[in-house]
Amino acid sequence: VNEENEIRTSASLESLKTLRDHAAACAATFGCTHSRVMEIELAVEEALVNIFNYAYGDGACGEVEMTCSERDAETLLIVISDSGSPFDPSAFPPPVFAKSAAERHVGGMGIPILRRYADALSYERRGDRNVLTISVTRKNAPE
Amino acid sequence: METTREKDAVGSKVCVIGVVDSLSAPELERELANVLDEGVKNLLIDMERTEYLSSAGIRTILRIAKRLDAAGGALRFRGVHGVVRDVFRVTGVDRLFNLDGERLQ
């Protein structure tokens, strides 16, 4: 994983593939298996989609930045930042599941998926920016 | 993502091939909604060849399930495996459906 791998794109759905592919390439270079790469892509997609939908309010344009770096031999850090409204996904309460599809809310499933596949999640508000660090190892999420 | 469809006397089977993410989920939703528009009450979604499914796909499944439920129909799955099965479990969706519904009936 090289040092100069920061990418900056518009915070919109059309950037999803570019950003997710970037994270996937970093994870593959780091030595993750195909199934672990997909888990990491899921975590990254859910973090990004949340930013695309909520960070900048209706119709407003904004940017998102992503960098991948090796923290140590075991851990890859994927840092995603934006300058939208403060939002800490690591503080989001766990979902409550209704027993039937009719009673189920259709939303709110992104953050549980993000949490599931990140080994650690840390959030910081730095000035006017949200900085989310997704730490991942090569190990698949436990059974 | 691609879908293929089979129909018999009791219902329809839709095979979902490839990646269901925030970009492709709306297309899947349109295709499944078209099947329901024809009055199909028995829907089997085959995920043998579904490689990836994010929360956008879960949302699509739940919306289609609600519609079928309201119409007195049933939604079942087959071939849900790997990371897709794990996503079903993490989002509690595995408890709502028969995930091993091999036959259309």
# chains A, B, ... in the order shown; residues from 1 in each chain; ligands from 1
>>> closest_atom_pairs(of="region 30-104 of chain A", to="region 91-105 of chain B", cutoff="8 Å", atoms="only C-alpha atoms", output="JSON lines")
{"residue": "A:Phe97", "atom": "CA", "partner": "B:Gly92", "partner_atom": "CA", "distance": 6.3}
{"residue": "A:Lys99", "atom": "CA", "partner": "B:Leu96", "partner_atom": "CA", "distance": 6.8}
{"residue": "A:Ser100", "atom": "CA", "partner": "B:Leu96", "partner_atom": "CA", "distance": 5.9}
{"residue": "A:Ala101", "atom": "CA", "partner": "B:Leu96", "partner_atom": "CA", "distance": 6.2}
>>> interface_residues(of="chain B", to="chain A", cutoff="10 Å", atoms="only C-alpha atoms", output="MDAnalysis selection string")
chainID B and resid 21:23 51:56 58:70 82:84 86:88 90:93 95:97
>>> select_by_dssp(residues="chain B", states="strand (DSSP E or B)", output="ChimeraX atom specification")
/B:2-7,12-20,42-46,50-53,74-78,98
>>> residues_around(residues="Glu27 (chain B)", least_positions_apart="4", cutoff="10 Å", atoms="only C-alpha atoms", output="PDB file with all heavy atoms, in the first residue's frame")
ATOM      1  N   MET B   1     -25.082  -6.289 -11.938  1.00  0.00           N
ATOM      2  CA  MET B   1     -26.095  -7.261 -11.559  1.00  0.00           C
ATOM      3  C   MET B   1     -26.979  -7.631 -12.750  1.00  0.00           C
ATOM      4  O   MET B   1     -27.292  -6.789 -13.576  1.00  0.00           O
ATOM      5  CB  MET B   1     -26.983  -6.669 -10.460  1.00  0.00           C
ATOM      6  CG  MET B   1     -27.993  -7.652  -9.924  1.00  0.00           C
ATOM      7  SD  MET B   1     -29.486  -6.864  -9.280  1.00  0.00           S
ATOM      8  CE  MET B   1     -30.211  -6.173 -10.754  1.00  0.00           C
ATOM      9  N   GLU B   2     -27.361  -8.904 -12.792  1.00  0.00           N
ATOM     10  CA  GLU B   2     -28.303  -9.370 -13.795  1.00  0.00           C
ATOM     11  C   GLU B   2     -29.334 -10.247 -13.109  1.00  0.00           C
ATOM     12  O   GLU B   2     -29.047 -10.827 -12.067  1.00  0.00           O
ATOM     13  CB  GLU B   2     -27.591 -10.282 -14.800  1.00  0.00           C
ATOM     14  CG  GLU B   2     -26.872  -9.573 -15.913  1.00  0.00           C
ATOM     15  CD  GLU B   2     -26.144 -10.592 -16.754  1.00  0.00           C
ATOM     16  OE1 GLU B   2     -26.818 -11.473 -17.333  1.00  0.00           O
ATOM     17  OE2 GLU B   2     -24.903 -10.525 -16.793  1.00  0.00           O
ATOM     18  N   THR B   3     -30.487 -10.351 -13.717  1.00  0.00           N
ATOM     19  CA  THR B   3     -31.470 -11.291 -13.175  1.00  0.00           C
ATOM     20  C   THR B   3     -32.005 -12.162 -14.307  1.00  0.00           C
ATOM     21  O   THR B   3     -32.043 -11.744 -15.458  1.00  0.00           O
ATOM     22  CB  THR B   3     -32.666 -10.576 -12.518  1.00  0.00           C
ATOM     23  OG1 THR B   3     -33.307  -9.754 -13.494  1.00  0.00           O
ATOM     24  CG2 THR B   3     -32.244  -9.695 -11.347  1.00  0.00           C
ATOM     25  N   VAL B  20     -25.270  -6.786  -5.694  1.00  0.00           N
ATOM     26  CA  VAL B  20     -26.411  -5.933  -5.344  1.00  0.00           C
ATOM     27  C   VAL B  20     -25.903  -4.892  -4.355  1.00  0.00           C
ATOM     28  O   VAL B  20     -25.643  -5.192  -3.190  1.00  0.00           O
ATOM     29  CB  VAL B  20     -27.576  -6.735  -4.725  1.00  0.00           C
ATOM     30  CG1 VAL B  20     -28.756  -5.811  -4.428  1.00  0.00           C
ATOM     31  CG2 VAL B  20     -28.002  -7.875  -5.644  1.00  0.00           C
ATOM     32  N   SER B  22     -25.661  -0.272  -3.592  1.00  0.00           N
ATOM     33  CA  SER B  22     -26.513   0.921  -3.620  1.00  0.00           C
ATOM     34  C   SER B  22     -26.787   1.381  -5.050  1.00  0.00           C
ATOM     35  O   SER B  22     -27.764   2.066  -5.294  1.00  0.00           O
ATOM     36  CB  SER B  22     -25.851   2.063  -2.846  1.00  0.00           C
ATOM     37  OG  SER B  22     -25.626   1.654  -1.530  1.00  0.00           O
ATOM     38  N   LEU B  23     -25.912   0.987  -5.984  1.00  0.00           N
ATOM     39  CA  LEU B  23     -26.107   1.373  -7.376  1.00  0.00           C
ATOM     40  C   LEU B  23     -27.092   0.454  -8.095  1.00  0.00           C
ATOM     41  O   LEU B  23     -27.888   0.914  -8.906  1.00  0.00           O
ATOM     42  CB  LEU B  23     -24.760   1.360  -8.126  1.00  0.00           C
ATOM     43  CG  LEU B  23     -23.741   2.402  -7.652  1.00  0.00           C
ATOM     44  CD1 LEU B  23     -22.337   2.029  -8.123  1.00  0.00           C
ATOM     45  CD2 LEU B  23     -24.113   3.785  -8.153  1.00  0.00           C
ATOM     46  N   GLU B  31     -37.256  -4.671 -11.039  1.00  0.00           N
ATOM     47  CA  GLU B  31     -37.517  -5.968 -11.669  1.00  0.00           C
ATOM     48  C   GLU B  31     -38.429  -6.839 -10.811  1.00  0.00           C
ATOM     49  O   GLU B  31     -39.340  -7.487 -11.328  1.00  0.00           O
ATOM     50  CB  GLU B  31     -36.205  -6.672 -11.987  1.00  0.00           C
ATOM     51  CG  GLU B  31     -35.536  -5.970 -13.161  1.00  0.00           C
ATOM     52  CD  GLU B  31     -34.186  -6.551 -13.532  1.00  0.00           C
ATOM     53  OE1 GLU B  31     -33.927  -7.722 -13.203  1.00  0.00           O
ATOM     54  OE2 GLU B  31     -33.402  -5.821 -14.165  1.00  0.00           O
ATOM     55  N   LEU B  32     -38.194  -6.832  -9.495  1.00  0.00           N
ATOM     56  CA  LEU B  32     -39.046  -7.632  -8.614  1.00  0.00           C
ATOM     57  C   LEU B  32     -40.457  -7.038  -8.554  1.00  0.00           C
ATOM     58  O   LEU B  32     -41.443  -7.772  -8.523  1.00  0.00           O
ATOM     59  CB  LEU B  32     -38.432  -7.722  -7.208  1.00  0.00           C
ATOM     60  CG  LEU B  32     -37.098  -8.483  -7.114  1.00  0.00           C
ATOM     61  CD1 LEU B  32     -36.519  -8.383  -5.702  1.00  0.00           C
ATOM     62  CD2 LEU B  32     -37.249  -9.950  -7.521  1.00  0.00           C
ATOM     63  N   ALA B  33     -40.529  -5.704  -8.573  1.00  0.00           N
ATOM     64  CA  ALA B  33     -41.842  -5.049  -8.558  1.00  0.00           C
ATOM     65  C   ALA B  33     -42.631  -5.406  -9.814  1.00  0.00           C
ATOM     66  O   ALA B  33     -43.840  -5.634  -9.752  1.00  0.00           O
ATOM     67  CB  ALA B  33     -41.683  -3.541  -8.419  1.00  0.00           C
ATOM     68  N   THR B  60     -34.388  -3.358  -0.334  1.00  0.00           N
ATOM     69  CA  THR B  60     -35.194  -3.837  -1.460  1.00  0.00           C
ATOM     70  C   THR B  60     -35.974  -5.099  -1.076  1.00  0.00           C
ATOM     71  O   THR B  60     -37.178  -5.186  -1.312  1.00  0.00           O
ATOM     72  CB  THR B  60     -34.277  -4.124  -2.673  1.00  0.00           C
ATOM     73  OG1 THR B  60     -33.810  -2.881  -3.163  1.00  0.00           O
ATOM     74  CG2 THR B  60     -34.995  -4.870  -3.781  1.00  0.00           C
TER      75      THR B  60
END
>>> atom_distance(atom1="CA of Thr137 (chain A)", atom2="CA of Glu6 (chain A)")
19.9 Å
>>> closest_residue(among="A:Ile7, A:Cys68, A:Ala60, A:Ile51", to="Arg129 (chain A)", atoms="only C-alpha atoms")
A:Ile51
>>> residues_around(residues="Ser90 (chain A)", least_positions_apart="6", cutoff="7 Å", atoms="only C-alpha atoms", output="compact mmCIF listing (two decimals) with N, CA and C atoms, in the first residue's frame")
# COMPACT_ATOMS: atom_id res chain seq x y z
N LEU A 121 -13.75 0.78 14.90
CA LEU A 121 -14.32 1.94 14.23
C LEU A 121 -14.06 3.12 15.15
N SER A 122 -13.42 4.18 14.64
CA SER A 122 -13.29 5.33 15.53
C SER A 122 -13.65 6.60 14.78
N TYR A 123 -14.28 7.47 15.51
CA TYR A 123 -14.79 8.70 14.92
C TYR A 123 -14.21 9.89 15.65
>>> residues_around(residues="region 35-45 of chain B", least_positions_apart="4", cutoff="7 Å", atoms="only C-alpha atoms", output="ChimeraX atom specification")
/B:10-15,31,68,73-78,104
>>> write_last_selection(atoms="C-alpha atoms", output="tab-separated table (two decimals), in the first residue's frame")
chain	number	residue	atom	x	y	z
B	10	VAL	CA	-47.27	-21.93	-8.66
B	11	GLY	CA	-45.06	-18.88	-8.85
B	12	SER	CA	-41.92	-17.23	-10.12
B	13	LYS	CA	-38.24	-17.71	-9.45
B	14	VAL	CA	-35.83	-14.84	-9.93
B	15	CYS	CA	-32.09	-15.57	-10.00
B	31	GLU	CA	-37.52	-5.97	-11.67
B	68	LEU	CA	-46.12	-9.61	-0.90
B	73	GLY	CA	-48.15	-13.88	-0.83
B	74	ALA	CA	-44.89	-15.45	0.25
B	75	LEU	CA	-41.22	-14.72	-0.35
B	76	ARG	CA	-38.61	-17.44	-0.08
B	77	PHE	CA	-34.92	-17.73	-0.91
B	78	ARG	CA	-32.47	-20.34	-1.98
B	104	LEU	CA	-41.67	-23.20	-5.96
